[in-house]
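This is upload.txt (compact mmCIF, C-alpha atoms).
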```
# COMPACT_ATOMS: atom_id res chain seq x y z
CA MET A 11 90.83 -44.77 -52.98
CA SER A 12 94.53 -44.95 -53.06
CA THR A 13 94.51 -48.70 -52.63
CA ALA A 14 92.47 -49.47 -55.74
CA TYR A 15 95.22 -48.64 -58.26
CA LYS A 16 98.21 -49.35 -56.22
CA GLY A 17 98.84 -52.85 -57.53
CA SER A 18 101.20 -52.31 -60.44
CA GLU A 19 103.24 -49.25 -61.20
CA VAL A 20 103.16 -49.54 -64.97
CA GLY A 21 99.63 -48.79 -66.00
CA GLY A 22 97.95 -51.07 -63.57
CA ASP A 23 94.54 -51.96 -64.90
CA THR A 24 94.55 -49.01 -67.34
CA ASN A 25 96.08 -51.08 -70.11
CA PHE A 26 92.69 -51.29 -71.80
CA ARG A 27 93.47 -47.84 -73.17
CA ARG A 28 94.79 -47.61 -76.65
CA THR A 29 98.37 -46.68 -77.04
CA TRP A 30 99.59 -44.40 -79.78
CA ASP A 31 102.60 -44.75 -81.92
CA LYS A 32 103.80 -41.20 -81.40
CA GLU A 33 106.58 -41.30 -83.94
CA GLU A 34 104.38 -42.41 -86.77
CA TYR A 35 101.75 -39.78 -86.09
CA GLU A 36 104.35 -37.07 -85.75
CA LYS A 37 105.65 -37.98 -89.15
CA LYS A 38 102.16 -37.82 -90.60
CA ALA A 39 101.46 -34.44 -89.04
CA LEU A 40 104.67 -32.98 -90.41
CA GLU A 41 103.87 -34.25 -93.84
CA ARG A 42 100.40 -32.75 -93.71
CA GLU A 43 101.82 -29.42 -92.73
CA ARG A 44 104.32 -29.46 -95.51
CA GLU A 45 101.63 -30.22 -98.03
CA ASN A 46 99.50 -27.35 -96.76
CA GLU A 47 102.37 -24.98 -97.20
CA ARG A 48 102.96 -26.19 -100.70
CA ALA A 49 99.30 -25.65 -101.51
CA LYS A 50 99.45 -22.15 -100.11
CA ILE A 51 102.36 -21.25 -102.34
CA LYS A 52 100.51 -22.62 -105.31
CA GLU A 53 97.36 -20.66 -104.52
CA LYS A 54 99.06 -17.30 -104.42
CA PRO A 55 98.03 -15.37 -107.53
CA THR A 56 100.85 -14.16 -109.70
CA GLU A 57 99.45 -11.50 -112.02
CA LEU A 58 98.72 -7.88 -111.25
CA LEU A 59 95.29 -6.37 -111.12
CA LYS A 60 93.86 -5.23 -114.42
CA ALA A 61 91.08 -2.84 -115.22
CA ARG A 62 88.14 -4.20 -117.16
CA LYS A 63 88.33 -3.40 -120.84
CA GLU A 64 84.74 -4.14 -121.74
CA LYS A 65 81.67 -2.46 -120.36
CA LEU A 66 79.76 -4.47 -117.80
CA GLU A 67 76.30 -3.70 -119.20
CA LEU A 68 74.53 -4.24 -115.94
CA ASP A 69 71.28 -3.06 -117.50
CA LYS A 70 71.54 -5.42 -120.45
CA TYR A 71 68.39 -7.32 -119.53
CA LEU A 72 66.43 -4.31 -118.40
CA GLY A 73 62.79 -4.60 -119.51
CA LYS A 74 63.17 -8.11 -120.89
CA SER A 75 61.47 -11.33 -119.82
CA GLN A 76 63.41 -14.45 -119.01
CA VAL A 77 62.55 -17.95 -117.91
CA VAL A 78 64.36 -18.71 -114.70
CA GLN A 79 64.50 -21.52 -112.16
CA THR A 80 64.54 -21.04 -108.45
CA THR A 81 66.41 -24.28 -107.89
CA GLY A 82 69.04 -26.13 -109.83
CA SER A 83 72.21 -24.81 -111.34
CA ALA A 84 73.34 -21.30 -110.45
CA ALA A 85 73.52 -20.29 -114.08
CA LYS A 86 69.78 -20.54 -114.55
CA GLN A 87 68.78 -18.74 -111.41
CA PRO A 88 67.68 -15.13 -111.63
CA GLY A 89 70.36 -12.51 -111.05
CA PHE A 90 73.86 -11.80 -112.21
CA TYR A 91 75.78 -14.96 -112.98
CA CYS A 92 79.53 -15.10 -112.46
CA LYS A 93 81.06 -17.68 -114.76
CA VAL A 94 84.39 -17.80 -112.97
CA CYS A 95 83.01 -18.54 -109.53
CA ASP A 96 79.84 -20.32 -110.73
CA CYS A 97 77.52 -18.31 -108.57
CA THR A 98 74.57 -16.03 -109.06
CA ILE A 99 74.28 -12.72 -107.28
CA LYS A 100 70.95 -11.07 -106.86
CA ASP A 101 71.70 -7.40 -107.36
CA SER A 102 74.06 -5.24 -109.31
CA VAL A 103 75.85 -3.58 -106.40
CA ASN A 104 76.67 -6.90 -104.80
CA TYR A 105 77.70 -8.24 -108.17
CA LEU A 106 80.12 -5.34 -108.59
CA ASP A 107 81.49 -5.98 -105.12
CA HIS A 108 81.90 -9.63 -106.00
CA ILE A 109 83.79 -9.12 -109.23
CA ASN A 110 85.96 -6.47 -107.60
CA GLY A 111 86.60 -8.75 -104.66
CA LYS A 112 89.69 -10.61 -103.68
CA ARG A 113 88.22 -14.09 -104.04
CA HIS A 114 87.03 -13.56 -107.58
CA GLN A 115 90.27 -11.90 -108.62
CA SER A 116 92.41 -14.64 -107.12
CA LYS A 117 90.44 -17.16 -109.17
CA LEU A 118 91.57 -15.17 -112.20
CA ASN A 119 95.10 -15.48 -110.81
CA ARG A 120 95.34 -11.80 -109.94
CA THR A 121 96.57 -10.10 -106.83
CA MET A 122 94.92 -6.92 -105.63
CA LYS A 123 97.93 -4.83 -106.55
CA VAL A 124 97.97 -2.48 -109.49
CA GLU A 125 100.86 -1.95 -111.84
CA ARG A 126 102.86 1.17 -111.10
CA SER A 127 103.10 3.29 -114.22
CA SER A 128 106.41 4.90 -114.98
CA ILE A 129 106.78 8.42 -116.22
CA GLU A 130 107.77 7.16 -119.68
CA ASP A 131 104.47 5.31 -119.98
CA VAL A 132 102.59 8.42 -118.99
CA ARG A 133 104.48 10.58 -121.48
CA ALA A 134 103.81 8.10 -124.26
CA LYS A 135 100.16 8.09 -123.36
CA LEU A 136 99.97 11.87 -123.34
CA ALA A 137 101.66 12.01 -126.72
CA LYS A 138 99.10 9.55 -128.04
CA LEU A 139 96.32 11.68 -126.65
CA LYS A 140 97.77 14.68 -128.42
CA SER A 141 98.02 12.95 -131.78
CA LYS A 142 94.45 11.76 -131.42
CA LYS A 143 93.20 15.26 -130.79
CA GLU A 144 94.93 16.85 -133.75
CA PRO A 145 92.41 17.35 -136.56
CA GLU A 146 93.22 16.04 -140.00
CA LYS A 147 94.53 18.81 -142.18
CA GLU A 148 92.14 20.00 -144.80
CA LEU A 149 92.98 19.35 -148.44
CA THR A 150 92.72 21.85 -151.25
CA PHE A 151 90.61 21.11 -154.32
CA ASP A 152 93.59 20.00 -156.45
CA GLU A 153 94.89 17.74 -153.72
CA ARG A 154 91.52 16.11 -153.39
CA ILE A 155 91.41 15.43 -157.13
CA GLU A 156 94.89 13.99 -156.97
CA LYS A 157 93.87 11.76 -154.10
CA ALA A 158 90.76 10.58 -155.91
CA LYS A 159 92.86 9.71 -158.97
CA LYS A 160 95.28 7.70 -156.93
CA ASP A 161 92.49 5.86 -155.20
CA GLU A 162 90.93 5.03 -158.56
CA GLU A 163 94.21 3.66 -159.90
CA LYS A 164 94.69 1.56 -156.82
CA ARG A 165 91.23 0.14 -157.20
CA LYS A 166 91.86 -0.73 -160.84
CA GLU A 167 95.11 -2.45 -160.03
CA LEU A 168 93.46 -4.42 -157.29
CA ARG A 169 90.75 -5.56 -159.66
CA LYS A 170 93.34 -6.58 -162.25
CA SER A 171 95.41 -8.57 -159.81
CA LYS A 172 92.27 -10.27 -158.55
CA LYS A 173 91.33 -11.30 -162.05
CA LYS A 174 94.82 -12.63 -162.69
CA GLU A 175 94.72 -14.59 -159.47
CA LYS A 176 91.37 -16.07 -160.39
CA ARG A 177 92.59 -17.14 -163.84
CA ARG A 178 95.74 -18.67 -162.35
CA ARG A 179 93.75 -20.62 -159.82
CA LYS A 180 91.41 -21.90 -162.51
CA ARG A 181 94.33 -23.15 -164.58
CA GLU A 182 95.86 -24.91 -161.60
CA GLN A 183 92.57 -26.54 -160.83
CA GLU A 184 92.33 -27.89 -164.39
CA GLU A 185 95.84 -29.28 -164.21
CA GLN A 186 95.11 -30.94 -160.93
CA ASP A 187 91.99 -32.49 -162.37
CA SER A 188 93.91 -33.94 -165.27
CA GLU A 189 96.59 -35.27 -162.93
CA SER A 190 94.14 -36.77 -160.55
CA ILE A 191 93.01 -39.42 -163.06
CA ASN A 192 94.10 -42.79 -161.83
CA PRO A 193 97.43 -43.60 -163.61
CA GLU A 194 96.58 -47.28 -163.95
CA LEU A 195 93.31 -46.46 -165.51
CA ALA A 196 95.00 -43.97 -167.77
CA ALA A 197 97.55 -46.58 -168.86
CA MET A 198 94.77 -49.03 -169.52
CA MET A 199 92.92 -46.49 -171.53
CA GLY A 200 96.13 -45.89 -173.38
CA PHE A 201 96.88 -42.25 -172.71
CA LYS A 202 99.57 -40.56 -170.72
CA LYS A 203 99.92 -37.24 -169.07
CA PHE A 204 99.56 -34.20 -171.19
CA LYS A 205 102.81 -32.88 -169.82
CA SER A 206 106.05 -34.18 -171.16
CA SER A 207 107.32 -36.92 -168.90
CA LYS A 208 111.06 -37.23 -169.03
CA MET B 27 91.81 -4.52 -101.46
CA ALA B 28 90.40 -2.30 -104.10
CA ASN B 29 90.08 0.70 -101.81
CA ARG B 30 93.47 0.52 -100.21
CA THR B 31 96.29 2.96 -100.82
CA VAL B 32 99.26 1.45 -102.63
CA SER B 33 101.57 -0.25 -100.17
CA ASP B 34 104.63 1.87 -100.91
CA ALA B 35 102.82 5.18 -100.51
CA ARG B 36 104.39 7.94 -98.51
CA ASN B 37 102.48 9.90 -95.92
CA ILE B 38 101.30 13.30 -97.06
CA HIS B 39 100.70 16.08 -94.56
CA GLY B 40 101.26 13.42 -91.94
CA THR B 41 98.52 11.02 -92.98
CA ASN B 42 97.50 8.46 -95.52
CA PRO B 43 96.96 10.44 -98.74
CA GLN B 44 93.41 9.16 -99.10
CA TYR B 45 92.48 10.88 -95.86
CA LEU B 46 92.87 14.26 -97.57
CA LEU B 47 89.30 13.80 -98.69
CA GLU B 48 86.89 13.77 -95.81
CA LYS B 49 85.71 10.47 -94.47
CA ILE B 50 82.09 10.97 -95.46
CA ILE B 51 82.95 11.88 -99.02
CA ARG B 52 85.42 9.06 -99.25
CA SER B 53 82.85 6.50 -98.24
CA ARG B 54 80.34 7.98 -100.67
CA ILE B 55 82.91 7.59 -103.41
CA TYR B 56 83.61 3.98 -102.43
CA GLU B 57 79.89 3.31 -102.70
CA SER B 58 79.40 5.09 -106.00
CA LEU B 59 78.80 3.12 -109.13
CA TYR B 60 81.39 5.01 -111.13
CA TRP B 61 84.05 4.07 -108.61
CA LYS B 62 83.14 0.41 -108.59
CA GLU B 63 82.61 0.00 -112.28
CA ASP B 64 85.03 2.35 -114.00
CA CYS B 65 87.72 3.14 -111.45
CA PHE B 66 88.46 -0.46 -110.53
CA GLY B 67 92.00 -1.54 -111.28
CA LEU B 68 92.99 1.73 -112.93
CA THR B 69 96.64 2.54 -113.37
CA VAL B 70 97.91 6.07 -113.85
CA VAL B 71 98.03 5.48 -117.60
CA SER B 72 94.48 4.22 -117.91
CA LEU B 73 93.36 7.00 -115.61
CA ILE B 74 94.45 9.52 -118.25
CA ASP B 75 91.77 8.20 -120.58
CA LYS B 76 89.11 8.49 -117.93
CA ALA B 77 90.22 12.02 -117.08
CA ASP B 78 90.09 12.96 -120.73
CA GLN B 79 86.50 11.77 -120.90
CA LEU B 80 85.41 13.92 -117.97
CA THR B 81 82.71 16.43 -118.76
CA CYS B 82 82.70 18.53 -115.62
CA ILE B 83 84.46 19.34 -112.40
CA GLY B 84 82.76 19.68 -109.05
CA GLY B 85 82.14 18.16 -105.66
CA GLN B 86 78.90 16.47 -104.77
CA TYR B 87 75.62 16.92 -106.56
CA GLY B 88 72.03 15.82 -106.41
CA ASN B 89 71.55 13.24 -103.71
CA GLN B 90 75.08 13.98 -102.48
CA LYS B 91 76.60 11.88 -105.18
CA PRO B 92 80.31 12.51 -105.75
CA THR B 93 81.25 13.68 -109.24
CA GLU B 94 83.53 11.61 -111.43
CA PHE B 95 86.11 14.34 -110.96
CA LEU B 96 86.23 13.62 -107.23
CA CYS B 97 86.36 9.86 -107.83
CA LEU B 98 89.40 10.26 -110.04
CA THR B 99 91.01 12.55 -107.49
CA LEU B 100 90.63 9.85 -104.88
CA LYS B 101 92.05 7.32 -107.32
CA LEU B 102 95.10 9.52 -107.78
CA LEU B 103 95.46 9.85 -104.03
CA GLN B 104 95.31 6.08 -103.83
CA LEU B 105 97.86 5.46 -106.56
CA GLN B 106 100.19 8.27 -105.54
CA PRO B 107 102.00 8.81 -108.84
CA GLU B 108 105.30 10.66 -108.83
CA LYS B 109 105.25 14.43 -108.83
CA GLU B 110 106.76 14.56 -112.32
CA ILE B 111 103.76 12.71 -113.65
CA ILE B 112 101.38 15.21 -112.11
CA ILE B 113 103.46 18.07 -113.47
CA ASP B 114 103.09 16.47 -116.89
CA PHE B 115 99.35 16.37 -116.34
CA ILE B 116 99.39 20.04 -115.49
CA ARG B 117 101.53 20.98 -118.44
CA ASN B 118 99.51 19.05 -121.00
CA GLU B 119 97.49 21.35 -123.20
CA ASP B 120 95.21 18.92 -124.95
CA SER B 121 92.87 17.81 -122.26
CA LYS B 122 91.62 20.59 -120.03
CA TYR B 123 89.93 18.31 -117.54
CA LEU B 124 93.12 16.30 -117.12
CA ARG B 125 94.86 19.57 -116.42
CA ALA B 126 92.19 20.60 -113.91
CA LEU B 127 92.41 17.22 -112.22
CA GLY B 128 96.19 17.41 -112.06
CA ALA B 129 96.04 20.93 -110.62
CA PHE B 130 93.47 19.96 -107.99
CA TYR B 131 95.48 16.90 -106.97
CA PHE B 132 98.69 18.90 -106.87
CA ARG B 133 97.04 21.49 -104.64
CA LEU B 134 96.15 18.67 -102.25
CA ILE B 135 99.56 17.07 -102.05
CA GLY B 136 102.12 19.72 -102.95
CA ASP B 137 103.97 22.14 -100.72
CA SER B 138 103.40 25.88 -100.91
CA VAL B 139 106.32 26.90 -103.07
CA GLU B 140 105.72 24.17 -105.62
CA ILE B 141 102.03 24.92 -105.77
CA TYR B 142 102.67 28.54 -106.65
CA LYS B 143 105.40 27.58 -109.05
CA TYR B 144 103.38 25.08 -111.08
CA LEU B 145 99.84 26.38 -110.78
CA GLU B 146 100.39 30.06 -111.46
CA PRO B 147 101.28 29.52 -115.14
CA LEU B 148 97.78 28.09 -115.53
CA LEU B 149 96.35 31.51 -114.74
CA TYR B 150 96.88 32.25 -118.42
CA ASP B 151 94.69 29.38 -119.53
CA PHE B 152 91.28 30.88 -120.20
CA ARG B 153 89.45 27.78 -121.39
CA LYS B 154 86.00 27.05 -120.12
CA LEU B 155 85.23 24.28 -117.67
CA ARG B 156 81.84 22.91 -116.80
CA ARG B 157 81.17 22.78 -113.10
CA ARG B 158 78.52 20.62 -111.50
CA LEU B 159 76.64 22.51 -108.83
CA PRO B 160 75.27 20.87 -105.68
CA ASP B 161 71.75 20.91 -107.10
CA GLY B 162 72.85 18.95 -110.16
CA ALA B 163 72.84 21.88 -112.58
CA TYR B 164 75.92 23.04 -114.44
CA ASP B 165 77.61 26.37 -114.76
CA ILE B 166 80.71 27.53 -116.51
CA ILE B 167 83.90 28.73 -114.93
CA HIS B 168 87.24 29.29 -116.57
CA MET B 169 90.48 27.51 -115.89
CA ASP B 170 92.11 30.67 -114.52
CA GLU B 171 89.20 31.22 -112.13
CA PHE B 172 89.49 27.64 -110.95
CA ILE B 173 93.23 27.92 -110.40
CA ASP B 174 92.83 31.25 -108.66
CA SER B 175 90.30 29.78 -106.24
CA LEU B 176 92.64 26.82 -105.68
CA LEU B 177 95.33 29.27 -104.62
CA ARG B 178 93.10 31.43 -102.43
CA ASP B 179 90.06 29.55 -101.17
CA GLU B 180 89.80 27.00 -98.39
CA ARG B 181 87.12 24.73 -99.70
CA ILE B 182 86.70 23.67 -103.30
CA CYS B 183 84.80 20.75 -104.79
CA ASP B 184 83.54 19.86 -101.30
CA THR B 185 87.10 19.31 -100.20
CA ILE B 186 88.99 21.19 -97.54
CA LEU B 187 92.29 22.15 -99.08
CA PRO B 188 95.41 21.89 -96.95
CA ARG B 189 96.71 25.25 -95.84
CA ILE B 190 99.43 26.87 -97.87
CA LEU B 191 101.51 29.90 -97.05
CA LYS B 192 100.39 33.19 -98.52
CA ARG B 193 102.28 34.34 -101.54
CA GLN B 194 103.31 37.51 -99.74
CA VAL B 195 104.99 35.52 -96.96
CA LEU B 196 106.91 33.42 -99.41
CA GLU B 197 108.05 36.52 -101.23
CA GLU B 198 109.26 38.04 -97.97
CA ASN B 199 111.19 34.85 -97.20
CA GLU B 200 112.64 35.10 -100.70
CA GLU B 201 111.44 31.66 -101.65
CA LEU B 202 109.43 33.06 -104.52
CA GLU B 203 110.02 35.86 -106.96
CA PRO B 204 107.33 38.51 -107.03
CA ARG B 205 104.81 37.68 -109.67
CA VAL B 206 104.94 39.77 -112.81
CA SER B 207 101.57 40.25 -114.37
CA PHE B 208 101.17 39.89 -118.09
CA LEU B 209 99.36 43.16 -117.93
CA GLU B 210 102.31 45.04 -116.47
CA ASP B 211 103.31 46.82 -119.67
CA GLU B 212 99.76 47.54 -120.55
CA LEU B 213 99.04 48.95 -117.14
CA GLU B 214 102.10 51.18 -117.28
CA GLN B 215 101.08 52.51 -120.63
CA GLU B 216 97.62 53.08 -119.33
CA ALA B 217 99.01 54.99 -116.38
CA LEU B 218 101.18 57.12 -118.63
CA ALA B 219 98.32 57.82 -120.93
CA ALA B 220 96.16 58.71 -117.99
CA LYS B 221 98.73 61.16 -116.73
CA GLU B 222 99.02 62.81 -120.07
CA LYS B 223 95.33 63.03 -120.36
CA GLU B 224 95.09 64.50 -116.91
CA LYS B 225 97.53 67.10 -117.96
CA SER B 226 95.33 67.97 -120.86
CA SER B 227 92.48 68.00 -118.37
CA THR B 228 90.45 65.13 -119.73
CA ARG B 229 89.03 62.23 -117.77
CA SER B 230 91.31 59.28 -117.05
CA ARG B 231 90.56 56.01 -118.71
CA SER B 232 88.49 53.56 -116.83
CA TYR B 233 89.20 50.02 -115.69
CA SER B 234 87.12 48.64 -118.53
CA SER B 235 89.59 49.91 -121.07
CA VAL B 236 92.28 47.90 -119.31
CA ARG B 237 90.06 44.87 -119.69
CA LYS B 238 89.69 45.69 -123.36
CA GLY B 239 93.44 45.79 -123.69
CA LEU B 240 93.58 42.33 -122.15
CA TYR B 241 90.98 41.09 -124.60
CA ARG B 242 92.98 42.49 -127.44
CA ILE B 243 96.25 40.86 -126.41
CA TYR B 244 95.09 37.38 -125.52
CA ASN B 245 92.03 36.99 -127.72
CA ILE B 246 89.92 35.74 -124.88
```
Here is the file; what I need is its structure written in the form of structure tokens.
Amino acid sequence: MSTAYKGSEVGGDTNFRRTWDKEEYEKKALERERENERAKIKEKPTELLKARKEKLELDKYLGKSQVVQTTGSAAKQPGFYCKVCDCTIKDSVNYLDHINGKRHQSKLNRTMKVERSSIEDVRAKLAKLKSKKEPEKELTFDERIEKAKKDEEKRKELRKSKKKEKRRRKREQEEQDSESINPELAAMMGFKKFKSSK
Amino acid sequence: MANRTVSDARNIHGTNPQYLLEKIIRSRIYESLYWKEDCFGLTVVSLIDKADQLTCIGGQYGNQKPTEFLCLTLKLLQLQPEKEIIIDFIRNEDSKYLRALGAFYFRLIGDSVEIYKYLEPLLYDFRKLRRRLPDGAYDIIHMDEFIDSLLRDERICDTILPRILKRQVLEENEELEPRVSFLEDELEQEALAAKEKEKSSTRSRSYSSVRKGLYRIYNI
């Protein structure tokens, strides 16, 4: 056994194997790694988590008929469709888990961290709550009459100003019409602008 | 994740604050629809709105569903707002359920002296609260009853409350002043009147008349 490969010390008859240019591949590997890191930095979401403002209306289609496809695009399949992730989820609980999940949120560029409210924010909010709860003070009879009068006057003024505006616009329109006649044609016809032209 | 405590939270009573609710209740809350739909991504500010919209307090009801009150409590435990914020919750007079929520949360996280200091003033709040019973029905308790049971009982809203020192002990250690009842004057007068009446050999006035006096003073 030992005699078979003894012939030459450098490789012998194993030079049919491919050789690798180690330096070149090392460079490539490093570059790949660097790119991956850059991608990772880019992927990290930057905004904080936000609560949903609108109601989800999970029972929106309750008791309604719909035409659905079992194959084809996700949007037409039965279930809850998520526009952001382009997928359809078959039941409401899983849908809730999906839209509360990390993957969905990171597609919206949100981390899973919530903003920390400061005490000033809370105080402002409580003050707002208080002002909302205070009932409007009741008016006496005279005050109500006064208020009605004022409202009436306001309405009249509004109507007047509207009328004025309308008249003004009409006049402008007429002027524009007269100006828009082709000047060459006007000259040919032998009349000038109605306005004085100095 | 959505169910994690904020990363900069401090330990309370030696554990993660969320663990102050029992494991089984916690997981029921995590599964509940209200938690997933309405409590997601809440901040302390937006939580105020939700607390204002509460219609009852209570633990679990029906098919062992947690009430919204418990869900919001867990949310507070998760967010761990500063104590001043909770004290503001407790001091607010406009939303009684926000006050109840703040008081309950404060009882969970506070230390004995603070609890007595901030919750005892609420014993003069006689507003009604709806309470969800385990069978799903409602009954009515008053804020002062609720606060009193927070200070005395072990288990409220299906939650084991952390132990606090008895008021008497704290008074002996001189950490708390003895509590002066609002009824003190009234009671003294009653006692005087009773003595006089005894002298004139008539019957002493009963407890119910003291109650009446209370009704008269505070318009309950």
Please report, as JSON lines, each residue of chain A lying at most 10 Å from chain B, together with the nearest pair of atoms and the separation in Å rounded to one decimal; use all atoms listed in the file, and order rows by chain and ascending residue number.
```
{"residue": "A:Leu58", "atom": "CA", "partner": "B:Gly67", "partner_atom": "CA", "distance": 9.2}
{"residue": "A:Leu59", "atom": "CA", "partner": "B:Gly67", "partner_atom": "CA", "distance": 5.8}
{"residue": "A:Lys60", "atom": "CA", "partner": "B:Gly67", "partner_atom": "CA", "distance": 5.2}
{"residue": "A:Ala61", "atom": "CA", "partner": "B:Gly67", "partner_atom": "CA", "distance": 4.2}
{"residue": "A:Arg62", "atom": "CA", "partner": "B:Gly67", "partner_atom": "CA", "distance": 7.5}
{"residue": "A:Lys63", "atom": "CA", "partner": "B:Asp64", "partner_atom": "CA", "distance": 9.5}
{"residue": "A:Lys65", "atom": "CA", "partner": "B:Glu63", "partner_atom": "CA", "distance": 8.5}
{"residue": "A:Leu66", "atom": "CA", "partner": "B:Glu63", "partner_atom": "CA", "distance": 7.7}
{"residue": "A:Leu68", "atom": "CA", "partner": "B:Glu63", "partner_atom": "CA", "distance": 9.8}
{"residue": "A:Ser102", "atom": "CA", "partner": "B:Leu59", "partner_atom": "CA", "distance": 9.6}
{"residue": "A:Val103", "atom": "CA", "partner": "B:Leu59", "partner_atom": "CA", "distance": 7.8}
{"residue": "A:Leu106", "atom": "CA", "partner": "B:Lys62", "partner_atom": "CA", "distance": 6.5}
{"residue": "A:Asp107", "atom": "CA", "partner": "B:Lys62", "partner_atom": "CA", "distance": 7.5}
{"residue": "A:Ile109", "atom": "CA", "partner": "B:Lys62", "partner_atom": "CA", "distance": 9.6}
{"residue": "A:Asn110", "atom": "CA", "partner": "B:Ala28", "partner_atom": "CA", "distance": 7.0}
{"residue": "A:Gly111", "atom": "CA", "partner": "B:Met27", "partner_atom": "CA", "distance": 7.4}
{"residue": "A:Lys112", "atom": "CA", "partner": "B:Met27", "partner_atom": "CA", "distance": 6.8}
{"residue": "A:Thr121", "atom": "CA", "partner": "B:Met27", "partner_atom": "CA", "distance": 9.1}
{"residue": "A:Met122", "atom": "CA", "partner": "B:Met27", "partner_atom": "CA", "distance": 5.7}
{"residue": "A:Lys123", "atom": "CA", "partner": "B:Val32", "partner_atom": "CA", "distance": 7.5}
{"residue": "A:Val124", "atom": "CA", "partner": "B:Gly67", "partner_atom": "CA", "distance": 6.3}
{"residue": "A:Glu125", "atom": "CA", "partner": "B:Thr69", "partner_atom": "CA", "distance": 6.3}
{"residue": "A:Arg126", "atom": "CA", "partner": "B:Thr69", "partner_atom": "CA", "distance": 6.8}
{"residue": "A:Ser127", "atom": "CA", "partner": "B:Val70", "partner_atom": "CA", "distance": 5.9}
{"residue": "A:Ser128", "atom": "CA", "partner": "B:Ile111", "partner_atom": "CA", "distance": 8.4}
{"residue": "A:Ile129", "atom": "CA", "partner": "B:Ile111", "partner_atom": "CA", "distance": 5.8}
{"residue": "A:Glu130", "atom": "CA", "partner": "B:Ile111", "partner_atom": "CA", "distance": 9.1}
{"residue": "A:Asp131", "atom": "CA", "partner": "B:Val71", "partner_atom": "CA", "distance": 6.9}
{"residue": "A:Val132", "atom": "CA", "partner": "B:Val71", "partner_atom": "CA", "distance": 5.6}
{"residue": "A:Arg133", "atom": "CA", "partner": "B:Asp114", "partner_atom": "CA", "distance": 7.6}
{"residue": "A:Ala134", "atom": "CA", "partner": "B:Val71", "partner_atom": "CA", "distance": 9.2}
{"residue": "A:Lys135", "atom": "CA", "partner": "B:Val71", "partner_atom": "CA", "distance": 6.7}
{"residue": "A:Leu136", "atom": "CA", "partner": "B:Asn118", "partner_atom": "CA", "distance": 7.6}
{"residue": "A:Ala137", "atom": "CA", "partner": "B:Asn118", "partner_atom": "CA", "distance": 9.3}
{"residue": "A:Leu139", "atom": "CA", "partner": "B:Asp120", "partner_atom": "CA", "distance": 7.5}
{"residue": "A:Lys140", "atom": "CA", "partner": "B:Asp120", "partner_atom": "CA", "distance": 6.0}
{"residue": "A:Ser141", "atom": "CA", "partner": "B:Asp120", "partner_atom": "CA", "distance": 9.5}
{"residue": "A:Lys142", "atom": "CA", "partner": "B:Asp120", "partner_atom": "CA", "distance": 9.7}
{"residue": "A:Lys143", "atom": "CA", "partner": "B:Asp120", "partner_atom": "CA", "distance": 7.2}
{"residue": "A:Glu144", "atom": "CA", "partner": "B:Asp120", "partner_atom": "CA", "distance": 9.0}
```
Self-check item: Distance of atom CA of Cys97 of chain B from atom CA of Leu191 of chain B, expressed in Å to one decimal place
Solution: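 So the two atoms, atom CA of Leu191 of chain B and atom CA of Cys97 of chain B, lie 27.3 Å apart.
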Self-check item: Close residues, Tyr144 of chain B itself excluded, 10 Å, all atoms listed in the file, min 6 positions apart in chain, as a ChimeraX atom specification
Solution: /B:113,116-117,129,132-133,136
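Across the structure, atom CA of Arg178 of chain B and atom CA of Ala126 of chain B are spaced 15.8 Å apart.
Every polymer residue reaching to within 10 Å of (83.9, 28.9, -112.0), counting only C-alpha atoms, appears in this list: Ile83, Gly84, Lys154, Leu155, Arg156, Arg157, Arg158, Asp165, Ile166, Ile167, His168, Met169, Asp170, Glu171, Phe172, Ile173, Asp174 and Ser175 of chain B.
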Quiz item: Could you state the separation of atom CA of Glu163 of chain A and atom CA of Arg178 of chain A in Å, given to one decimal place?
Solution: 22.5 Å
Quiz item: Taking (98.5, 23.7, -104.2) in the file's coordinates as the center, which residues reach within 9 Å of it, counting all atoms listed in the file, put as a list in words?
Solution: Ala129, Phe130, Tyr131, Phe132, Arg133, Leu134, Ile135, Gly136, Asp137, Ser138, Val139, Glu140, Ile141, Tyr142, Tyr144, Leu145, Leu176, Leu177, Leu187, Pro188, Arg189 and Ile190 of chain B
With C-alpha atoms retained, export the selected residues as a tab-separated table (two decimals), keeping the file's coordinate frame.
```
chain	number	residue	atom	x	y	z
B	129	ALA	CA	96.04	20.93	-110.62
B	130	PHE	CA	93.47	19.96	-107.99
B	131	TYR	CA	95.48	16.90	-106.97
B	132	PHE	CA	98.69	18.90	-106.87
B	133	ARG	CA	97.04	21.49	-104.64
B	134	LEU	CA	96.15	18.67	-102.25
B	135	ILE	CA	99.56	17.07	-102.05
B	136	GLY	CA	102.12	19.72	-102.95
B	137	ASP	CA	103.97	22.14	-100.72
B	138	SER	CA	103.40	25.88	-100.91
B	139	VAL	CA	106.32	26.90	-103.07
B	140	GLU	CA	105.72	24.17	-105.62
B	141	ILE	CA	102.03	24.92	-105.77
B	142	TYR	CA	102.67	28.54	-106.65
B	144	TYR	CA	103.38	25.08	-111.08
B	145	LEU	CA	99.84	26.38	-110.78
B	176	LEU	CA	92.64	26.82	-105.68
B	177	LEU	CA	95.33	29.27	-104.62
B	187	LEU	CA	92.29	22.15	-99.08
B	188	PRO	CA	95.41	21.89	-96.95
B	189	ARG	CA	96.71	25.25	-95.84
B	190	ILE	CA	99.43	26.87	-97.87
```
